[in-house]
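S.K.: Sharing structure_28.txt here; it has compact mmCIF, C-alpha atoms (C1' of nucleotides).
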```txt
# COMPACT_ATOMS: atom_id res chain seq x y z
CA MET A 18 98.78 108.28 71.97
CA SER A 19 97.71 111.68 73.32
CA THR A 20 97.91 113.15 76.79
CA SER A 21 96.19 116.16 78.33
CA PRO A 22 98.36 118.54 80.36
CA LEU A 23 97.44 117.70 83.93
CA HIS A 24 100.05 119.88 85.60
CA ASP A 25 103.61 121.21 85.55
CA TRP A 26 106.52 118.85 86.08
CA ASN A 27 109.12 121.32 87.28
CA LEU A 28 108.11 121.64 90.90
CA ALA A 29 110.04 122.10 94.11
CA PRO A 30 109.78 119.08 96.44
CA GLN A 31 107.25 120.68 98.75
CA ALA A 32 105.00 121.72 95.85
CA ALA A 33 105.29 118.24 94.33
CA ILE A 34 104.12 116.71 97.61
CA GLU A 35 101.09 118.98 97.76
CA LEU A 36 100.26 118.11 94.16
CA GLN A 37 100.45 114.39 94.93
CA LYS A 38 97.89 114.81 97.70
CA ARG A 39 95.47 116.44 95.26
CA LEU A 40 96.05 113.98 92.43
CA ALA A 41 95.61 110.98 94.73
CA GLY A 42 91.95 111.96 95.00
CA ARG A 43 91.53 111.35 91.28
CA VAL A 44 92.92 107.82 91.30
CA GLU A 45 90.24 105.21 90.58
CA LEU A 46 90.47 101.92 92.44
CA GLU A 47 87.44 100.32 90.79
CA ASP A 48 87.99 98.24 87.67
CA ARG A 49 87.43 100.27 84.51
CA LEU A 50 89.22 98.18 81.95
CA ASP A 51 88.46 97.56 78.28
CA PRO A 52 88.88 94.07 76.79
CA VAL A 53 92.64 93.47 76.76
CA SER A 54 94.57 92.61 73.60
CA ARG A 55 97.75 94.63 74.31
CA ILE A 56 99.68 95.00 77.55
CA ALA A 57 102.53 97.51 77.88
CA GLY A 58 105.48 97.23 80.24
CA VAL A 59 107.38 100.39 81.25
CA ASP A 60 110.70 101.01 82.97
CA ILE A 61 113.32 103.72 83.19
CA GLY A 62 117.07 103.32 83.14
CA PHE A 63 120.00 105.76 83.18
CA GLU A 64 123.11 106.36 81.11
CA GLU A 65 126.16 108.58 81.33
CA GLY A 66 126.43 108.32 85.06
CA GLY A 67 122.81 109.33 85.46
CA GLU A 68 122.81 112.37 83.20
CA ILE A 69 120.62 110.68 80.60
CA THR A 70 117.23 109.16 81.40
CA ARG A 71 116.22 106.25 79.21
CA ALA A 72 112.54 105.28 79.06
CA ALA A 73 111.55 101.92 77.60
CA VAL A 74 108.07 100.71 76.66
CA VAL A 75 107.37 97.20 75.41
CA VAL A 76 103.94 96.24 74.07
CA LEU A 77 102.96 92.59 74.29
CA ALA A 78 100.01 90.75 72.72
CA TRP A 79 97.43 89.23 75.01
CA PRO A 80 96.82 86.34 75.39
CA PRO A 81 100.33 84.86 75.34
CA ILE A 82 101.37 82.18 72.87
CA ALA A 83 101.98 79.94 75.86
CA THR A 84 102.36 80.65 79.57
CA GLY A 85 105.12 83.22 79.94
CA ASP A 86 105.69 83.43 76.18
CA PHE A 87 104.43 86.68 74.69
CA GLU A 88 104.60 88.12 71.20
CA VAL A 89 106.33 91.52 71.25
CA VAL A 90 104.17 93.86 69.20
CA GLU A 91 106.23 97.03 69.54
CA GLN A 92 109.16 98.55 71.45
CA VAL A 93 110.12 102.17 72.00
CA VAL A 94 113.16 103.73 73.70
CA HIS A 95 113.23 107.44 74.48
CA ARG A 96 116.30 109.26 75.85
CA GLU A 97 116.40 112.73 77.38
CA PRO A 98 118.46 114.71 79.90
CA THR A 99 117.71 113.69 83.48
CA ARG A 100 115.57 116.36 85.10
CA MET A 101 115.91 115.75 88.81
CA PRO A 102 117.58 113.48 91.38
CA TYR A 103 115.94 110.49 92.98
CA ILE A 104 113.99 111.48 96.08
CA PRO A 105 112.06 108.73 97.91
CA GLY A 106 108.37 109.43 97.42
CA LEU A 107 108.87 111.72 94.42
CA LEU A 108 110.05 109.15 91.90
CA SER A 109 107.30 109.94 89.37
CA PHE A 110 108.54 113.50 88.88
CA ARG A 111 111.87 112.06 87.77
CA GLU A 112 110.58 109.21 85.59
CA VAL A 113 107.08 109.89 84.25
CA PRO A 114 107.95 112.73 81.82
CA ALA A 115 110.34 110.44 79.93
CA ALA A 116 107.81 107.60 80.00
CA LEU A 117 105.16 109.90 78.49
CA ALA A 118 107.50 110.84 75.65
CA ALA A 119 108.02 107.16 74.92
CA PHE A 120 104.28 106.48 74.93
CA ALA A 121 103.73 109.37 72.55
CA ARG A 122 105.79 107.52 69.96
CA LEU A 123 103.80 104.30 70.21
CA THR A 124 101.78 103.31 67.14
CA THR A 125 99.80 100.61 68.98
CA GLN A 126 97.56 101.34 71.95
CA PRO A 127 97.68 99.13 75.06
CA GLU A 128 94.58 98.66 77.21
CA LEU A 129 96.67 97.91 80.29
CA ILE A 130 100.05 99.14 81.54
CA MET A 131 102.44 97.49 83.97
CA VAL A 132 104.96 99.84 85.58
CA ASP A 133 108.21 99.13 87.41
CA GLY A 134 107.54 100.77 90.79
CA GLN A 135 104.63 101.33 93.17
CA GLY A 136 101.02 102.17 92.35
CA ILE A 137 99.07 103.32 95.41
CA ALA A 138 101.55 101.63 97.75
CA HIS A 139 102.96 105.08 98.40
CA PRO A 140 102.88 107.43 101.44
CA ARG A 141 100.36 109.70 99.65
CA ARG A 142 98.90 106.95 97.42
CA LEU A 143 100.49 108.27 94.25
CA GLY A 144 103.38 106.10 93.13
CA VAL A 145 104.71 106.17 89.54
CA ALA A 146 102.14 103.71 88.25
CA SER A 147 99.24 105.79 89.57
CA HIS A 148 100.70 109.06 88.33
CA LEU A 149 101.32 107.65 84.84
CA GLY A 150 97.84 106.12 84.76
CA LEU A 151 96.24 109.48 85.52
CA TRP A 152 98.16 111.20 82.74
CA LEU A 153 97.37 108.59 80.14
CA ASP A 154 93.90 107.86 81.54
CA LEU A 155 94.61 104.16 81.21
CA PRO A 156 94.50 101.24 83.66
CA THR A 157 97.89 100.73 85.34
CA LEU A 158 99.41 98.57 88.04
CA GLY A 159 102.76 98.76 89.77
CA ILE A 160 105.29 95.97 90.23
CA ALA A 161 108.07 96.98 92.63
CA LYS A 162 111.09 94.94 93.63
CA SER A 163 111.16 96.38 97.14
CA ARG A 164 108.92 98.15 99.64
CA LEU A 165 108.44 101.90 99.91
CA CYS A 166 105.94 101.96 102.78
CA GLY A 167 103.47 99.75 104.60
CA ARG A 168 103.73 96.59 106.69
CA HIS A 169 103.20 92.96 105.78
CA ALA A 170 103.65 89.37 106.83
CA GLU A 171 106.09 87.24 104.86
CA PRO A 172 104.19 85.32 102.15
CA GLY A 173 104.56 81.54 101.77
CA ASN A 174 107.44 80.26 99.64
CA GLU A 175 105.34 78.87 96.81
CA LYS A 176 104.84 80.77 93.57
CA GLY A 177 101.47 82.52 93.82
CA ASP A 178 101.50 82.93 97.61
CA TRP A 179 100.83 86.46 98.80
CA THR A 180 100.03 88.58 101.83
CA PRO A 181 98.40 92.00 102.04
CA LEU A 182 100.49 95.15 102.30
CA LYS A 183 98.89 97.53 104.78
CA HIS A 184 99.46 101.16 105.65
CA GLY A 185 97.44 102.13 108.70
CA GLU A 186 93.88 101.04 107.99
CA ASP A 187 94.40 100.81 104.24
CA THR A 188 95.32 97.74 102.24
CA ILE A 189 97.56 99.33 99.61
CA GLY A 190 98.89 96.31 97.77
CA ALA A 191 100.07 92.72 97.95
CA VAL A 192 103.43 91.07 98.55
CA LEU A 193 103.51 88.37 95.89
CA ARG A 194 105.82 85.37 95.68
CA SER A 195 106.20 85.47 91.92
CA ARG A 196 108.68 82.61 91.82
CA THR A 197 109.21 79.80 94.34
CA ASN A 198 111.90 80.56 96.92
CA VAL A 199 112.72 83.96 95.50
CA LYS A 200 112.24 87.37 97.10
CA PRO A 201 108.64 88.56 96.56
CA VAL A 202 107.51 91.53 94.46
CA PHE A 203 105.17 94.32 95.60
CA VAL A 204 102.01 94.59 93.53
CA SER A 205 99.64 97.53 93.80
CA PRO A 206 96.86 99.09 91.72
CA GLY A 207 97.94 102.16 89.79
CA HIS A 208 94.74 103.58 88.32
CA ARG A 209 91.36 102.23 87.13
CA LEU A 210 92.14 98.86 88.68
CA SER A 211 91.26 97.06 91.94
CA LEU A 212 93.85 95.16 93.95
CA PRO A 213 92.37 91.71 93.11
CA THR A 214 92.46 92.53 89.40
CA ALA A 215 95.99 93.92 89.63
CA LEU A 216 97.09 90.70 91.33
CA ASP A 217 95.35 88.62 88.66
CA TRP A 218 97.17 90.37 85.82
CA ALA A 219 100.52 90.29 87.55
CA THR A 220 100.10 86.56 88.09
CA ALA A 221 98.79 85.92 84.57
CA CYS A 222 101.91 87.52 83.08
CA LEU A 223 104.39 85.46 85.07
CA GLY A 224 106.78 83.10 83.33
CA ARG A 225 109.65 81.37 85.07
CA THR A 226 111.26 84.57 86.28
CA LYS A 227 110.61 86.80 89.25
CA LEU A 228 109.23 89.71 87.24
CA PRO A 229 106.09 89.54 85.07
CA GLU A 230 107.03 89.60 81.35
CA PRO A 231 105.90 93.17 80.55
CA THR A 232 108.07 94.64 83.29
CA ARG A 233 110.91 92.20 82.77
CA LEU A 234 111.26 93.02 79.09
CA ALA A 235 110.96 96.77 79.66
CA ASP A 236 113.59 96.41 82.38
CA ARG A 237 116.03 94.81 79.98
CA LEU A 238 115.42 97.38 77.30
CA ALA A 239 115.79 100.29 79.72
CA SER A 240 119.10 98.90 80.95
CA ARG A 241 120.21 98.61 77.29
CA ARG A 242 120.55 94.86 77.43
CA GLY A 243 117.50 93.49 75.59
C1' DG B 23 114.61 113.43 117.61
C1' DC B 24 115.83 108.85 115.12
C1' DG B 25 115.23 105.71 111.30
C1' DA B 26 113.17 104.34 106.66
C1' DC B 27 113.27 105.37 102.10
C1' DA B 28 110.15 102.64 94.81
C1' DG B 29 114.26 103.63 91.18
C1' DA C 11 119.25 103.32 89.23
C1' DT C 12 124.49 102.26 88.34
C1' DC C 13 129.52 100.52 88.93
C1' DT C 14 130.90 94.88 87.95
C1' DT C 15 133.09 88.41 87.52
C1' DG C 16 132.66 84.70 89.06
C1' DT C 17 130.01 81.64 91.51
C1' DC C 18 126.48 79.06 94.32
C1' DG C 19 122.04 76.72 93.69
C1' DC C 20 117.83 74.77 91.46
```
With the file now loaded, output its structure as structure tokens.

M.R.:
Amino acid sequence: MSTSPLHDWNLAPQAAIELQKRLAGRVELEDRLDPVSRIAGVDIGFEEGGEITRAAVVVLAWPPIATGDFEVVEQVVHREPTRMPYIPGLLSFREVPAALAAFARLTTQPELIMVDGQGIAHPRRLGVASHLGLWLDLPTLGIAKSRLCGRHAEPGNEKGDWTPLKHGEDTIGAVLRSRTNVKPVFVSPGHRLSLPTALDWATACLGRTKLPEPTRLADRLASRRG
DNA sequence: GCGACAG
DNA sequence: ATCTTGTCGC
């Protein structure tokens, strides 16, 4: 898979923030998705006390063999020295470079990507999922385990229940009860996807666990378990 | 000025 | 994110 150099990655915090404001204007929130036959899940983990960044990408076949049971088409793990510390709001500058290196080694091409983290549910509307989507020019959505910004009502306790996540006047995502009686996940469009469609895919990939399969499997691989 | 703060 | 065992609950 190829990528076109969009910008530099080694930026000081203030410059990174200004760049996010510009890139947010390029994010597409209308559906522009090809027929799906492959869905990729991405997550980043760390080793050596944080000195090594470990990016994991898992490609699954769509549709699943049965609900929540997907065929794993390909897996890639890429390790590299960690480039910067975690700074709330600037997560993509720490994780996306490693994710791109992992994608570059993929021999199969996904039509949709699910990322562990926020999409547009970000102070400047450019969470990791959106930033990665822009670089790869592919549809992405974010699945986060906790909130970065925005306000919301508590969704019902049944699997599938959800409430909108709002930031000022904008609806930036949804708080989805992905599993009955379990803490909800935060779903938001990354790029080339609308919120309803992002919610549909997140729901369609759910099995019996809290996280959708693409993200759950990438999570395990990134934490060197799977 | 005082909190909040994806992974 | 990561360091970490057993344990409570469906």

S.K.: List the neighbours of region 50-58 of chain A out to 8 Å using all atoms listed in the file; skip same-chain residues closer than 6 positions along the sequence, and give me the result as a ChimeraX atom specification.

M.R.: /A:74-80,126-133,156,209-210,230-235

S.K.: Kindly give the distance, in Å, that separates CA of Asp25 (chain A) and CA of Asp48 (chain A), rounded to a single decimal.

M.R.: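 Computing it gives 27.9 Å between the two atoms.
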
S.K.: Need to verify the contact set: DA26 (chain B), 10 Å, all atoms listed in the file, exclusion of same-chain residues closer than 2 positions in sequence. Can you return it as a PDB file with C-alpha atoms (C1' of nucleotides), in the coordinates of the input?

M.R.:
```pdb
ATOM      1  CA  PRO A 105     112.060 108.730  97.910  1.00  0.00           C
ATOM      2  CA  LEU A 165     108.440 101.900  99.910  1.00  0.00           C
ATOM      3  CA  CYS A 166     105.940 101.960 102.780  1.00  0.00           C
TER       4      CYS A 166
ATOM      5  C1'  DC B  24     115.830 108.850 115.120  1.00  0.00           C
TER       6       DC B  24
END
```

S.K.: Output the contact residues of chain A with respect to chain C at a cut-off of 12 Å, based on only C-alpha atoms (C1' of nucleotides), as a ChimeraX atom specification.

M.R.: /A:60-71,99,102-104,108,111-112,133,197-199,236,239-240

S.K.: For the selection just defined, write its residues with C-alpha atoms to a file, as an mmCIF file, in the frame of the given file.

M.R.:
```
data_model
loop_
_atom_site.group_PDB
_atom_site.id
_atom_site.type_symbol
_atom_site.label_atom_id
_atom_site.label_comp_id
_atom_site.auth_asym_id
_atom_site.auth_seq_id
_atom_site.Cartn_x
_atom_site.Cartn_y
_atom_site.Cartn_z
ATOM 1 C CA ASP A 60 110.700 101.010 82.970
ATOM 2 C CA ILE A 61 113.320 103.720 83.190
ATOM 3 C CA GLY A 62 117.070 103.320 83.140
ATOM 4 C CA PHE A 63 120.000 105.760 83.180
ATOM 5 C CA GLU A 64 123.110 106.360 81.110
ATOM 6 C CA GLU A 65 126.160 108.580 81.330
ATOM 7 C CA GLY A 66 126.430 108.320 85.060
ATOM 8 C CA GLY A 67 122.810 109.330 85.460
ATOM 9 C CA GLU A 68 122.810 112.370 83.200
ATOM 10 C CA ILE A 69 120.620 110.680 80.600
ATOM 11 C CA THR A 70 117.230 109.160 81.400
ATOM 12 C CA ARG A 71 116.220 106.250 79.210
ATOM 13 C CA THR A 99 117.710 113.690 83.480
ATOM 14 C CA PRO A 102 117.580 113.480 91.380
ATOM 15 C CA TYR A 103 115.940 110.490 92.980
ATOM 16 C CA ILE A 104 113.990 111.480 96.080
ATOM 17 C CA LEU A 108 110.050 109.150 91.900
ATOM 18 C CA ARG A 111 111.870 112.060 87.770
ATOM 19 C CA GLU A 112 110.580 109.210 85.590
ATOM 20 C CA ASP A 133 108.210 99.130 87.410
ATOM 21 C CA THR A 197 109.210 79.800 94.340
ATOM 22 C CA ASN A 198 111.900 80.560 96.920
ATOM 23 C CA VAL A 199 112.720 83.960 95.500
ATOM 24 C CA ASP A 236 113.590 96.410 82.380
ATOM 25 C CA ALA A 239 115.790 100.290 79.720
ATOM 26 C CA SER A 240 119.100 98.900 80.950
#
```

S.K.: Would you mind listing, as a list in words, all residues of chain B that have at least one atom within 12 Å of chain A, where all atoms listed in the file are what counts?

M.R.: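 Result: DA26, DC27, DA28 and DG29 of chain B.
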
S.K.: Report, in Å with one decimal, the straight-line distance from CA of Leu36 (chain A) to CA of Ala118 (chain A).

M.R.: 21.2 Å

S.K.: Give me, please, the distance in Å between CA of Arg168 (chain A) and CA of Glu47 (chain A), quoted to one decimal.

M.R.: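 Here the two named atoms are 23.1 Å from each other.
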
S.K.: So which residues fall inside 8 Å of (99.3, 87.7, 81.4) if we count all atoms listed in the file? Mind giving them as an NGL selection string?

M.R.: :A and (79-81 or 84-85 or 218-223 or 229-230)

S.K.: Given 3 Å of margin on each side, can you work out the centre and size in Å (one decimal) of an axis-aligned box holding every listed atom of chain B, as JSON?

M.R.:
```
{"center_x": 113.0, "center_y": 108.0, "center_z": 104.4, "size_x": 11.7, "size_y": 16.8, "size_z": 32.4}
```
